[in-house]
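Colleague: Mind looking over this structure? Questions follow.
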Amino acid sequence: MASAPWPERVPRLLARRLPSYPPPPPTVGLPSMEQEETYLELYLDQCSAQDGLAPPRSPLFSPVAPYDMYILNASNPDTAFNSNPEVKETSGDFSSVDLSFLPDEVTQENKDQPVISKHETEENSESQSPQSRLPSPSEQDVGLGLNSSSLSNSHSQLHPGDTDSVQPPPEKPNSDSLSLASITPMTPMTPISECCGIVPQLQNIVSTVNLACKLDLKKIALQAKNAEYNPKRFAAVIMRIREPRTTALIFSSGKMVCTGAKSEEQSRLAARKYARVVQKLGFPARFLDFKIQNMVGSCDVRFPIRLEGLVLTHQQFSSYEPELFPGLIYRMVKPRIVLLIFVSGKVVLTGAKERSEIYEAFENIYPILKGFKKA
Amino acid sequence: MAYQLYRNTALGNSLQVILLQFDKAINSALAQRVRNRVNFRSFLNMYRFCDNLWTFILNDVEFREVTKFIKVDEAKIVDCDDKITGSNTTE
């Protein structure tokens with residue numbers, strides 16, 4: 001999922017995982033947190049499922065081992081995938097390096113296309129599920145994280161219930177398979193413990209992906225549903241889908257921007273749906289370098305705020321021009337997030353590449369805002 | 001299955017000329033002589049915009065006019081460039 005190379009991602013996740021491993025989930029605001037956790041779990045699980053490329057090995061019990069394997073695999077996927085785009089078309093070894101950045105579903109579709117001419121998206125994933133069950137246990141073996149069989153079992157139970165999950169839920173024959181569920185308590189939990197249960201809700205996610213083939217925009221606009229193409233005004237096809245409710249800008253170079261999703265997983269799913277639409281129109285679309293470019297969150301601190309006071313004390317970070325815009329623009333340095341703070345107590349956070357940045361920024365600003373409570 | 005083979009005949013050609021005259025006449029009539037306003041409300045099944053042409057496919061449309069009220073299961077609206085032509089298909 002992340003366009004950054006493997007080694008960068010893994011240490012960060014590992015670093016977060018280790019300190020958080022023991023703490024129990026808090027009880028405050030649990031329903032919303034469960035939802036956040038679910039999304040985060042699924043997102044990360046899918047990441048791990050895609051990231052895990054090594055052939056089936058014995059289950060890994062230490063965090064170090066998967067990290068090493070990832071390092072090994074890191075170099076292979078990048079080079080092999082970029083240099084040999086046709087390998088994914090061939091059947092056989094799912095643990096081939098080409099699957100690193102390409103989710104199973106799209107590769108499956110490429111393989112299935114000669115066999116199955118027209119399928120609905122659901123049917124496609126159904127038909128792929130038996131095949132993709134092969135790699136997924138191995139992927140889960142290799143997946144990041146400490147092994148937690150109970151967590152992984154509950155994790156697999158989450159999958160069937162979640163319609164957004166694109167990866168079909170694998171039966172986990174290996175009880176020791178690793179899952180990322182243990183990581184997930186970390187990020188959503190910290191905001192609760194410090195900010196009295198106020199968790200910023202994600203409102204918009206902007207992501208980009210490279211379909212890696214030149215596109216005939218006129219053909220797409222003529223044949224696809226819910227598409228607009230006005231080359232005089234804008235050089236891209238604007239396509240929308242209903243579930244997840246998103247809008248995509250598809251350019252003739254093959255690059256695509258997907259906006260409007262409410263979670264990382266939904267954004268990825270939506271981008272894949274658009275890629276599938278383009279693929280079904282006859283273009284050899286792939287799914288390269290999916291990257292979330294921006295995440296917007298909002299929340300309410302539930303008390304009015306003295307913006308004038310805030311701009312006086314934090315003037316190197318804030319800019320407040322009530323005649324121009326009624327909100328105070330707070331540019332936080334670490335993490336690099338821009339917050340729009342309003343008198344009513346509503347806060348909008350934007351500029352994040354990761355969900356944790358939003359949470360961290362809100363944690364940082366909340367005590368400051370409490371200090372500027374009105375009356 | 002009729003052949004359009006015989007269009008290039010005297011009769012066919014004159015009929016084609018009349019068709020062109022019809023095009024002009026209907027366009028000007030719709031532009032000048034039609035004044036009523038119809039409201040409609042429905043579920044939008046599909047939209048498309050290409051070559052400055054909007055195409056909408058609506059489901060469960062209710063066309064309302066002062067005098068009339070028509071319900072239609074499916075409607076296709078083709079909208080080109082300041083002139084609106086509509087064609088209805090029921091069921």
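Quick note on naming: the chains in the structure tokens go A, B, ... in the order shown, residues restart at 1 in each chain, and ligands are numbered from 1 in order of appearance.
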Taking only C-alpha atoms into account, report as a PyMOL selection string which residues of chain A lie within 7 Å of chain B.

Modeller: chain A and resi 221-222+225-230

Colleague: DSSP says strand (DSSP E or B) for which residues of chain B? Put them as a VMD selection string?

Modeller: chain B and resid 39 to 50 53 to 64 69 to 80 83 to 89

Colleague: Please produce a file of the residues just selected, as a short mmCIF file (atom, residue, chain, number, x, y, z; two decimals), in the first residue's frame, where the atoms kept are N, CA and C atoms.

Modeller:
data_model
loop_
_atom_site.label_atom_id
_atom_site.label_comp_id
_atom_site.auth_asym_id
_atom_site.auth_seq_id
_atom_site.Cartn_x
_atom_site.Cartn_y
_atom_site.Cartn_z
N ASN B 39 -41.35 20.03 -14.35
CA ASN B 39 -40.44 19.64 -13.27
C ASN B 39 -40.39 18.12 -13.23
N PHE B 40 -39.23 17.60 -12.88
CA PHE B 40 -39.19 16.17 -12.70
C PHE B 40 -38.27 15.82 -11.56
N ARG B 41 -38.56 14.68 -10.99
CA ARG B 41 -37.83 14.22 -9.81
C ARG B 41 -37.67 12.72 -9.95
N SER B 42 -36.43 12.24 -9.72
CA SER B 42 -36.23 10.80 -9.88
C SER B 42 -34.93 10.37 -9.26
N PHE B 43 -34.65 9.12 -9.42
CA PHE B 43 -33.37 8.56 -9.02
C PHE B 43 -32.47 8.53 -10.24
N LEU B 44 -31.28 9.09 -10.08
CA LEU B 44 -30.35 9.14 -11.21
C LEU B 44 -29.57 7.83 -11.26
N ASN B 45 -29.80 7.11 -12.31
CA ASN B 45 -29.11 5.84 -12.45
C ASN B 45 -27.71 6.04 -13.02
N MET B 46 -27.62 6.87 -14.06
CA MET B 46 -26.34 7.04 -14.72
C MET B 46 -26.27 8.41 -15.35
N TYR B 47 -25.09 8.98 -15.37
CA TYR B 47 -24.91 10.22 -16.11
C TYR B 47 -23.63 10.10 -16.92
N ARG B 48 -23.58 10.88 -17.95
CA ARG B 48 -22.36 10.89 -18.78
C ARG B 48 -22.25 12.25 -19.43
N PHE B 49 -21.02 12.72 -19.53
CA PHE B 49 -20.79 13.98 -20.23
C PHE B 49 -19.59 13.79 -21.13
N CYS B 50 -19.83 13.84 -22.43
CA CYS B 50 -18.72 13.66 -23.36
C CYS B 50 -19.07 14.42 -24.62
N LEU B 53 -22.01 16.72 -24.48
CA LEU B 53 -23.33 16.11 -24.52
C LEU B 53 -23.58 15.40 -23.20
N TRP B 54 -24.65 15.79 -22.53
CA TRP B 54 -25.03 15.12 -21.30
C TRP B 54 -26.03 14.03 -21.61
N THR B 55 -25.82 12.88 -21.02
CA THR B 55 -26.80 11.80 -21.11
C THR B 55 -27.15 11.37 -19.70
N PHE B 56 -28.42 11.35 -19.39
CA PHE B 56 -28.86 10.89 -18.07
C PHE B 56 -29.79 9.71 -18.25
N ILE B 57 -29.65 8.76 -17.37
CA ILE B 57 -30.65 7.69 -17.31
C ILE B 57 -31.27 7.76 -15.92
N LEU B 58 -32.59 8.00 -15.92
CA LEU B 58 -33.30 8.16 -14.66
C LEU B 58 -34.23 6.99 -14.44
N ASN B 59 -34.44 6.67 -13.18
CA ASN B 59 -35.39 5.62 -12.83
C ASN B 59 -36.50 6.20 -11.98
N ASP B 60 -37.69 5.68 -12.17
CA ASP B 60 -38.86 6.09 -11.36
C ASP B 60 -39.04 7.59 -11.40
N VAL B 61 -39.23 8.08 -12.63
CA VAL B 61 -39.33 9.53 -12.81
C VAL B 61 -40.77 9.99 -12.65
N GLU B 62 -40.94 11.14 -12.03
CA GLU B 62 -42.25 11.78 -11.97
C GLU B 62 -42.11 13.12 -12.69
N PHE B 63 -42.73 13.20 -13.83
CA PHE B 63 -42.75 14.47 -14.55
C PHE B 63 -43.98 15.24 -14.12
N ARG B 64 -43.76 16.45 -13.69
CA ARG B 64 -44.88 17.25 -13.23
C ARG B 64 -45.01 18.50 -14.08
N PHE B 69 -49.46 15.06 -14.73
CA PHE B 69 -48.50 14.37 -13.88
C PHE B 69 -48.26 13.00 -14.49
N ILE B 70 -47.05 12.74 -14.88
CA ILE B 70 -46.75 11.47 -15.55
C ILE B 70 -45.68 10.73 -14.75
N LYS B 71 -45.92 9.45 -14.58
CA LYS B 71 -44.90 8.62 -13.92
C LYS B 71 -44.30 7.67 -14.95
N VAL B 72 -43.02 7.54 -14.89
CA VAL B 72 -42.33 6.73 -15.89
C VAL B 72 -41.29 5.88 -15.16
N ASP B 73 -41.12 4.65 -15.58
CA ASP B 73 -40.15 3.78 -14.90
C ASP B 73 -38.71 4.12 -15.25
N GLU B 74 -38.52 4.45 -16.49
CA GLU B 74 -37.15 4.74 -16.91
C GLU B 74 -37.18 5.84 -17.93
N ALA B 75 -36.28 6.75 -17.83
CA ALA B 75 -36.23 7.84 -18.80
C ALA B 75 -34.79 8.11 -19.16
N LYS B 76 -34.58 8.42 -20.43
CA LYS B 76 -33.25 8.79 -20.90
C LYS B 76 -33.30 10.20 -21.41
N ILE B 77 -32.44 11.01 -20.90
CA ILE B 77 -32.41 12.41 -21.32
C ILE B 77 -31.09 12.66 -22.01
N VAL B 78 -31.16 13.17 -23.23
CA VAL B 78 -29.96 13.53 -23.97
C VAL B 78 -29.96 15.04 -24.11
N ASP B 79 -28.90 15.65 -23.68
CA ASP B 79 -28.88 17.09 -23.56
C ASP B 79 -27.68 17.62 -24.32
N CYS B 80 -27.93 18.37 -25.40
CA CYS B 80 -26.78 18.86 -26.14
C CYS B 80 -26.80 20.37 -26.24
N LYS B 83 -29.49 23.14 -26.56
CA LYS B 83 -30.77 22.65 -27.05
C LYS B 83 -31.03 21.34 -26.36
N ILE B 84 -32.23 21.19 -25.85
CA ILE B 84 -32.53 19.98 -25.09
C ILE B 84 -33.48 19.10 -25.87
N THR B 85 -33.08 17.89 -26.11
CA THR B 85 -34.02 16.92 -26.70
C THR B 85 -34.21 15.82 -25.70
N GLY B 86 -35.43 15.38 -25.55
CA GLY B 86 -35.66 14.32 -24.59
C GLY B 86 -36.42 13.19 -25.23
N SER B 87 -36.12 12.01 -24.81
CA SER B 87 -36.89 10.86 -25.30
C SER B 87 -37.25 10.00 -24.12
N ASN B 88 -38.50 9.63 -24.05
CA ASN B 88 -38.96 8.81 -22.95
C ASN B 88 -39.12 7.37 -23.35
N THR B 89 -38.75 6.51 -22.47
CA THR B 89 -39.11 5.11 -22.69
C THR B 89 -39.76 4.63 -21.41
#

Colleague: Just give me the gap between CA of Ile238 (chain A) and CA of Phe251 (chain A) in Å, one decimal is fine.

Modeller: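 Computing it gives 9.1 Å between the two atoms.
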
Colleague: Provide the CA of Ala236 (chain A) to CA of Lys353 (chain A) distance in Å, to one decimal place.

Modeller: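 Pair CA of Ala236 (chain A) / CA of Lys353 (chain A) returns 24.4 Å.
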
Colleague: To one decimal place in Å, what is the distance between CA of Lys291 (chain A) and CA of Thr208 (chain A)?

Modeller: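 The value is 5.5 Å.
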
Colleague: So, with only C-alpha atoms as the atoms that count, which of A:Val296, A:Met256, A:Ile341, A:Val311 lies closest to Glu357 (chain A)?

Modeller: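 With only C-alpha atoms as the atom set, the closest residue is A:Val296.
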
Colleague: Residues of chain B in alpha helix (DSSP H) according to DSSP, as a compact mmCIF listing (two decimals) with all heavy atoms, in the first residue's frame?

Modeller:
# COMPACT_ATOMS: atom_id res chain seq x y z
N ALA B 10 -34.99 9.22 -56.57
CA ALA B 10 -35.64 10.53 -56.63
C ALA B 10 -36.55 10.73 -55.44
O ALA B 10 -36.51 11.76 -54.74
CB ALA B 10 -36.43 10.66 -57.94
N LEU B 11 -37.34 9.70 -55.22
CA LEU B 11 -38.28 9.81 -54.10
C LEU B 11 -37.50 9.90 -52.79
O LEU B 11 -37.78 10.76 -51.94
CB LEU B 11 -39.20 8.59 -54.09
CG LEU B 11 -40.34 8.62 -53.08
CD1 LEU B 11 -41.20 9.84 -53.25
CD2 LEU B 11 -41.17 7.35 -53.21
N GLY B 12 -36.50 9.04 -52.67
CA GLY B 12 -35.74 9.03 -51.44
C GLY B 12 -35.02 10.34 -51.19
O GLY B 12 -34.98 10.85 -50.07
N ASN B 13 -34.45 10.88 -52.24
CA ASN B 13 -33.72 12.12 -52.07
C ASN B 13 -34.61 13.26 -51.66
O ASN B 13 -34.26 14.08 -50.81
CB ASN B 13 -32.98 12.47 -53.36
CG ASN B 13 -31.74 11.61 -53.54
OD1 ASN B 13 -31.15 11.18 -52.56
ND2 ASN B 13 -31.36 11.36 -54.78
N SER B 14 -35.79 13.33 -52.28
CA SER B 14 -36.68 14.44 -51.90
C SER B 14 -37.17 14.28 -50.47
O SER B 14 -37.31 15.24 -49.73
CB SER B 14 -37.85 14.56 -52.87
OG SER B 14 -38.29 13.29 -53.28
N LEU B 15 -37.37 13.03 -50.07
CA LEU B 15 -37.76 12.82 -48.67
C LEU B 15 -36.64 13.24 -47.73
O LEU B 15 -36.89 13.76 -46.64
CB LEU B 15 -38.15 11.37 -48.45
CG LEU B 15 -39.53 10.98 -48.98
CD1 LEU B 15 -39.73 9.49 -48.85
CD2 LEU B 15 -40.62 11.72 -48.24
N GLN B 16 -35.42 13.01 -48.13
CA GLN B 16 -34.31 13.42 -47.28
C GLN B 16 -34.25 14.93 -47.15
O GLN B 16 -33.93 15.46 -46.10
CB GLN B 16 -32.99 12.90 -47.85
CG GLN B 16 -32.88 11.41 -47.80
CD GLN B 16 -31.48 10.93 -47.44
OE1 GLN B 16 -30.68 11.71 -46.95
NE2 GLN B 16 -31.20 9.67 -47.67
N VAL B 17 -34.52 15.61 -48.24
CA VAL B 17 -34.53 17.07 -48.18
C VAL B 17 -35.57 17.53 -47.17
O VAL B 17 -35.33 18.43 -46.36
CB VAL B 17 -34.84 17.66 -49.58
CG1 VAL B 17 -35.16 19.14 -49.47
CG2 VAL B 17 -33.66 17.44 -50.51
N ILE B 18 -36.72 16.88 -47.22
CA ILE B 18 -37.79 17.26 -46.29
C ILE B 18 -37.36 17.00 -44.86
O ILE B 18 -37.68 17.75 -43.93
CB ILE B 18 -39.08 16.50 -46.65
CG1 ILE B 18 -39.55 16.97 -47.99
CG2 ILE B 18 -40.12 16.65 -45.57
CD1 ILE B 18 -40.89 16.49 -48.40
N LEU B 19 -36.59 15.91 -44.69
CA LEU B 19 -36.11 15.60 -43.33
C LEU B 19 -35.22 16.73 -42.82
O LEU B 19 -35.29 17.13 -41.65
CB LEU B 19 -35.35 14.28 -43.38
CG LEU B 19 -35.30 13.48 -42.08
CD1 LEU B 19 -36.69 13.23 -41.55
CD2 LEU B 19 -34.58 12.18 -42.33
N LEU B 20 -34.38 17.25 -43.69
CA LEU B 20 -33.55 18.37 -43.27
C LEU B 20 -34.40 19.58 -42.90
O LEU B 20 -34.14 20.26 -41.90
CB LEU B 20 -32.57 18.75 -44.39
CG LEU B 20 -31.46 17.74 -44.69
CD1 LEU B 20 -30.65 18.21 -45.89
CD2 LEU B 20 -30.54 17.56 -43.51
N GLN B 21 -35.42 19.84 -43.70
CA GLN B 21 -36.32 20.95 -43.40
C GLN B 21 -37.01 20.71 -42.07
O GLN B 21 -37.22 21.65 -41.28
CB GLN B 21 -37.36 21.12 -44.51
CG GLN B 21 -36.78 21.64 -45.79
CD GLN B 21 -37.85 21.74 -46.86
OE1 GLN B 21 -39.02 21.39 -46.64
NE2 GLN B 21 -37.46 22.21 -48.03
N PHE B 22 -37.37 19.46 -41.85
CA PHE B 22 -37.99 19.12 -40.57
C PHE B 22 -37.05 19.44 -39.42
O PHE B 22 -37.47 19.98 -38.40
CB PHE B 22 -38.41 17.65 -40.56
CG PHE B 22 -38.72 17.15 -39.18
CD1 PHE B 22 -39.91 17.49 -38.55
CD2 PHE B 22 -37.83 16.36 -38.47
CE1 PHE B 22 -40.21 17.06 -37.29
CE2 PHE B 22 -38.12 15.91 -37.20
CZ PHE B 22 -39.30 16.26 -36.61
N ASP B 23 -35.78 19.08 -39.56
CA ASP B 23 -34.81 19.36 -38.50
C ASP B 23 -34.83 20.84 -38.15
O ASP B 23 -34.92 21.22 -36.99
CB ASP B 23 -33.39 18.99 -38.97
CG ASP B 23 -33.14 17.51 -38.86
OD1 ASP B 23 -33.85 16.85 -38.07
OD2 ASP B 23 -32.23 17.00 -39.54
N LYS B 24 -34.72 21.67 -39.16
CA LYS B 24 -34.69 23.11 -38.89
C LYS B 24 -35.98 23.55 -38.24
O LYS B 24 -35.98 24.31 -37.28
CB LYS B 24 -34.48 23.88 -40.20
CG LYS B 24 -33.06 23.89 -40.67
CD LYS B 24 -32.90 24.91 -41.81
CE LYS B 24 -31.98 24.32 -42.87
NZ LYS B 24 -32.28 24.73 -44.23
N ALA B 25 -37.08 23.07 -38.79
CA ALA B 25 -38.38 23.53 -38.29
C ALA B 25 -38.59 23.13 -36.85
O ALA B 25 -39.04 23.93 -36.02
CB ALA B 25 -39.50 22.94 -39.16
N ILE B 26 -38.26 21.88 -36.53
CA ILE B 26 -38.53 21.43 -35.16
C ILE B 26 -37.64 22.17 -34.18
O ILE B 26 -38.06 22.53 -33.08
CB ILE B 26 -38.39 19.89 -35.04
CG1 ILE B 26 -38.92 19.41 -33.69
CG2 ILE B 26 -36.99 19.42 -35.22
CD1 ILE B 26 -40.40 19.34 -33.63
N ASN B 27 -36.39 22.43 -34.60
CA ASN B 27 -35.50 23.15 -33.70
C ASN B 27 -36.02 24.55 -33.39
O ASN B 27 -36.04 24.98 -32.25
CB ASN B 27 -34.09 23.23 -34.29
CG ASN B 27 -33.26 22.02 -33.92
OD1 ASN B 27 -33.29 21.59 -32.78
ND2 ASN B 27 -32.54 21.47 -34.88
N SER B 28 -36.46 25.23 -34.45
CA SER B 28 -36.92 26.59 -34.20
C SER B 28 -38.23 26.58 -33.44
O SER B 28 -38.46 27.42 -32.57
CB SER B 28 -37.06 27.35 -35.52
OG SER B 28 -38.16 26.86 -36.23
N ALA B 29 -39.07 25.59 -33.71
CA ALA B 29 -40.36 25.52 -33.00
C ALA B 29 -40.13 25.30 -31.51
O ALA B 29 -40.73 25.97 -30.66
CB ALA B 29 -41.22 24.41 -33.58
N LEU B 30 -39.27 24.37 -31.20
CA LEU B 30 -39.02 24.10 -29.78
C LEU B 30 -38.41 25.32 -29.12
O LEU B 30 -38.68 25.61 -27.96
CB LEU B 30 -38.08 22.89 -29.64
CG LEU B 30 -38.71 21.53 -29.90
CD1 LEU B 30 -37.64 20.46 -29.91
CD2 LEU B 30 -39.75 21.20 -28.87
N ALA B 31 -37.59 26.04 -29.86
CA ALA B 31 -36.94 27.19 -29.24
C ALA B 31 -37.90 28.35 -29.06
O ALA B 31 -37.85 29.04 -28.04
CB ALA B 31 -35.74 27.61 -30.09
N GLN B 32 -38.77 28.57 -30.04
CA GLN B 32 -39.61 29.76 -30.01
C GLN B 32 -40.98 29.51 -29.41
O GLN B 32 -41.51 30.36 -28.72
CB GLN B 32 -39.82 30.30 -31.44
CG GLN B 32 -38.56 30.50 -32.24
CD GLN B 32 -37.71 31.63 -31.66
OE1 GLN B 32 -38.23 32.54 -31.03
NE2 GLN B 32 -36.42 31.54 -31.88

Colleague: For Arg336 (chain A), work out the shell of residues within 10 Å, counting only C-alpha atoms and skipping chain neighbours fewer than 2 positions away, then give it as number ranges by chain.

Modeller: A: 331-334, 338-339, 350-353, 357-358, 361

Colleague: Limited to all heavy atoms, could you put the picked residues into a file as an mmCIF file, in the first residue's frame?

Modeller:
data_model
loop_
_atom_site.group_PDB
_atom_site.id
_atom_site.type_symbol
_atom_site.label_atom_id
_atom_site.label_comp_id
_atom_site.auth_asym_id
_atom_site.auth_seq_id
_atom_site.Cartn_x
_atom_site.Cartn_y
_atom_site.Cartn_z
ATOM 1 N N ARG A 331 -0.664 26.081 12.295
ATOM 2 C CA ARG A 331 0.219 25.178 11.561
ATOM 3 C C ARG A 331 1.155 24.497 12.558
ATOM 4 O O ARG A 331 2.174 25.047 12.952
ATOM 5 C CB ARG A 331 1.038 25.958 10.528
ATOM 6 C CG ARG A 331 0.173 26.550 9.466
ATOM 7 C CD ARG A 331 0.918 27.352 8.427
ATOM 8 N NE ARG A 331 -0.038 28.056 7.586
ATOM 9 C CZ ARG A 331 -0.627 27.542 6.518
ATOM 10 N NH1 ARG A 331 -0.348 26.314 6.156
ATOM 11 N NH2 ARG A 331 -1.496 28.237 5.818
ATOM 12 N N MET A 332 0.805 23.314 12.916
ATOM 13 C CA MET A 332 1.600 22.582 13.895
ATOM 14 C C MET A 332 2.866 22.067 13.224
ATOM 15 O O MET A 332 2.838 21.635 12.071
ATOM 16 C CB MET A 332 0.768 21.429 14.457
ATOM 17 C CG MET A 332 1.313 20.848 15.732
ATOM 18 S SD MET A 332 0.216 19.586 16.382
ATOM 19 C CE MET A 332 -1.063 20.592 17.085
ATOM 20 N N VAL A 333 3.965 22.130 13.965
ATOM 21 C CA VAL A 333 5.235 21.728 13.361
ATOM 22 C C VAL A 333 5.425 20.218 13.436
ATOM 23 O O VAL A 333 5.842 19.581 12.482
ATOM 24 C CB VAL A 333 6.397 22.454 14.072
ATOM 25 C CG1 VAL A 333 7.723 21.936 13.595
ATOM 26 C CG2 VAL A 333 6.299 23.949 13.813
ATOM 27 N N LYS A 334 5.119 19.674 14.610
ATOM 28 C CA LYS A 334 5.277 18.243 14.726
ATOM 29 C C LYS A 334 4.043 17.662 15.376
ATOM 30 O O LYS A 334 3.807 17.909 16.555
ATOM 31 C CB LYS A 334 6.523 17.910 15.548
ATOM 32 C CG LYS A 334 6.713 16.393 15.594
ATOM 33 C CD LYS A 334 7.853 15.954 16.410
ATOM 34 C CE LYS A 334 7.926 14.442 16.517
ATOM 35 N NZ LYS A 334 6.802 13.668 16.042
ATOM 36 N N VAL A 338 -2.073 21.005 9.643
ATOM 37 C CA VAL A 338 -2.725 22.309 9.725
ATOM 38 C C VAL A 338 -4.082 22.103 10.382
ATOM 39 O O VAL A 338 -4.845 21.222 9.982
ATOM 40 C CB VAL A 338 -2.902 22.921 8.320
ATOM 41 C CG1 VAL A 338 -3.699 24.203 8.410
ATOM 42 C CG2 VAL A 338 -1.550 23.163 7.685
ATOM 43 N N LEU A 339 -4.357 22.908 11.398
ATOM 44 C CA LEU A 339 -5.634 22.801 12.095
ATOM 45 C C LEU A 339 -6.409 24.091 11.889
ATOM 46 O O LEU A 339 -5.861 25.187 11.989
ATOM 47 C CB LEU A 339 -5.430 22.581 13.592
ATOM 48 C CG LEU A 339 -4.682 21.332 14.013
ATOM 49 C CD1 LEU A 339 -3.198 21.595 14.150
ATOM 50 C CD2 LEU A 339 -5.220 20.827 15.336
ATOM 51 N N THR A 350 -5.983 18.807 8.929
ATOM 52 C CA THR A 350 -5.706 18.359 7.564
ATOM 53 C C THR A 350 -4.211 18.357 7.301
ATOM 54 O O THR A 350 -3.427 18.935 8.056
ATOM 55 C CB THR A 350 -6.442 19.246 6.547
ATOM 56 O OG1 THR A 350 -6.203 18.721 5.238
ATOM 57 C CG2 THR A 350 -5.959 20.673 6.608
ATOM 58 N N GLY A 351 -3.833 17.688 6.246
ATOM 59 C CA GLY A 351 -2.433 17.627 5.866
ATOM 60 C C GLY A 351 -1.738 16.362 6.314
ATOM 61 O O GLY A 351 -0.533 16.222 6.155
ATOM 62 N N ALA A 352 -2.504 15.412 6.818
ATOM 63 C CA ALA A 352 -1.882 14.207 7.352
ATOM 64 C C ALA A 352 -1.700 13.175 6.256
ATOM 65 O O ALA A 352 -2.521 13.058 5.354
ATOM 66 C CB ALA A 352 -2.744 13.630 8.467
ATOM 67 N N LYS A 353 -0.611 12.418 6.390
ATOM 68 C CA LYS A 353 -0.453 11.270 5.508
ATOM 69 C C LYS A 353 -0.849 9.988 6.230
ATOM 70 O O LYS A 353 -1.039 8.943 5.594
ATOM 71 C CB LYS A 353 1.001 11.145 5.056
ATOM 72 C CG LYS A 353 1.450 12.237 4.128
ATOM 73 C CD LYS A 353 1.300 11.801 2.676
ATOM 74 C CE LYS A 353 2.028 12.650 1.685
ATOM 75 N NZ LYS A 353 1.602 14.035 1.605
ATOM 76 N N GLU A 357 -1.112 10.767 12.608
ATOM 77 C CA GLU A 357 -0.724 12.177 12.661
ATOM 78 C C GLU A 357 -1.910 13.037 13.087
ATOM 79 O O GLU A 357 -1.747 14.007 13.832
ATOM 80 C CB GLU A 357 -0.210 12.635 11.287
ATOM 81 C CG GLU A 357 1.151 12.062 10.933
ATOM 82 C CD GLU A 357 1.573 12.431 9.519
ATOM 83 O OE1 GLU A 357 0.970 13.358 8.941
ATOM 84 O OE2 GLU A 357 2.500 11.793 8.998
ATOM 85 N N ILE A 358 -3.079 12.685 12.601
ATOM 86 C CA ILE A 358 -4.279 13.437 12.992
ATOM 87 C C ILE A 358 -4.507 13.294 14.491
ATOM 88 O O ILE A 358 -4.748 14.280 15.217
ATOM 89 C CB ILE A 358 -5.506 12.923 12.216
ATOM 90 C CG1 ILE A 358 -5.316 13.110 10.720
ATOM 91 C CG2 ILE A 358 -6.777 13.536 12.732
ATOM 92 C CD1 ILE A 358 -6.190 14.127 10.077
ATOM 93 N N ALA A 361 -1.839 15.190 16.418
ATOM 94 C CA ALA A 361 -2.022 16.639 16.364
ATOM 95 C C ALA A 361 -3.143 17.066 17.297
ATOM 96 O O ALA A 361 -3.039 18.085 17.993
ATOM 97 C CB ALA A 361 -2.328 17.077 14.934
#
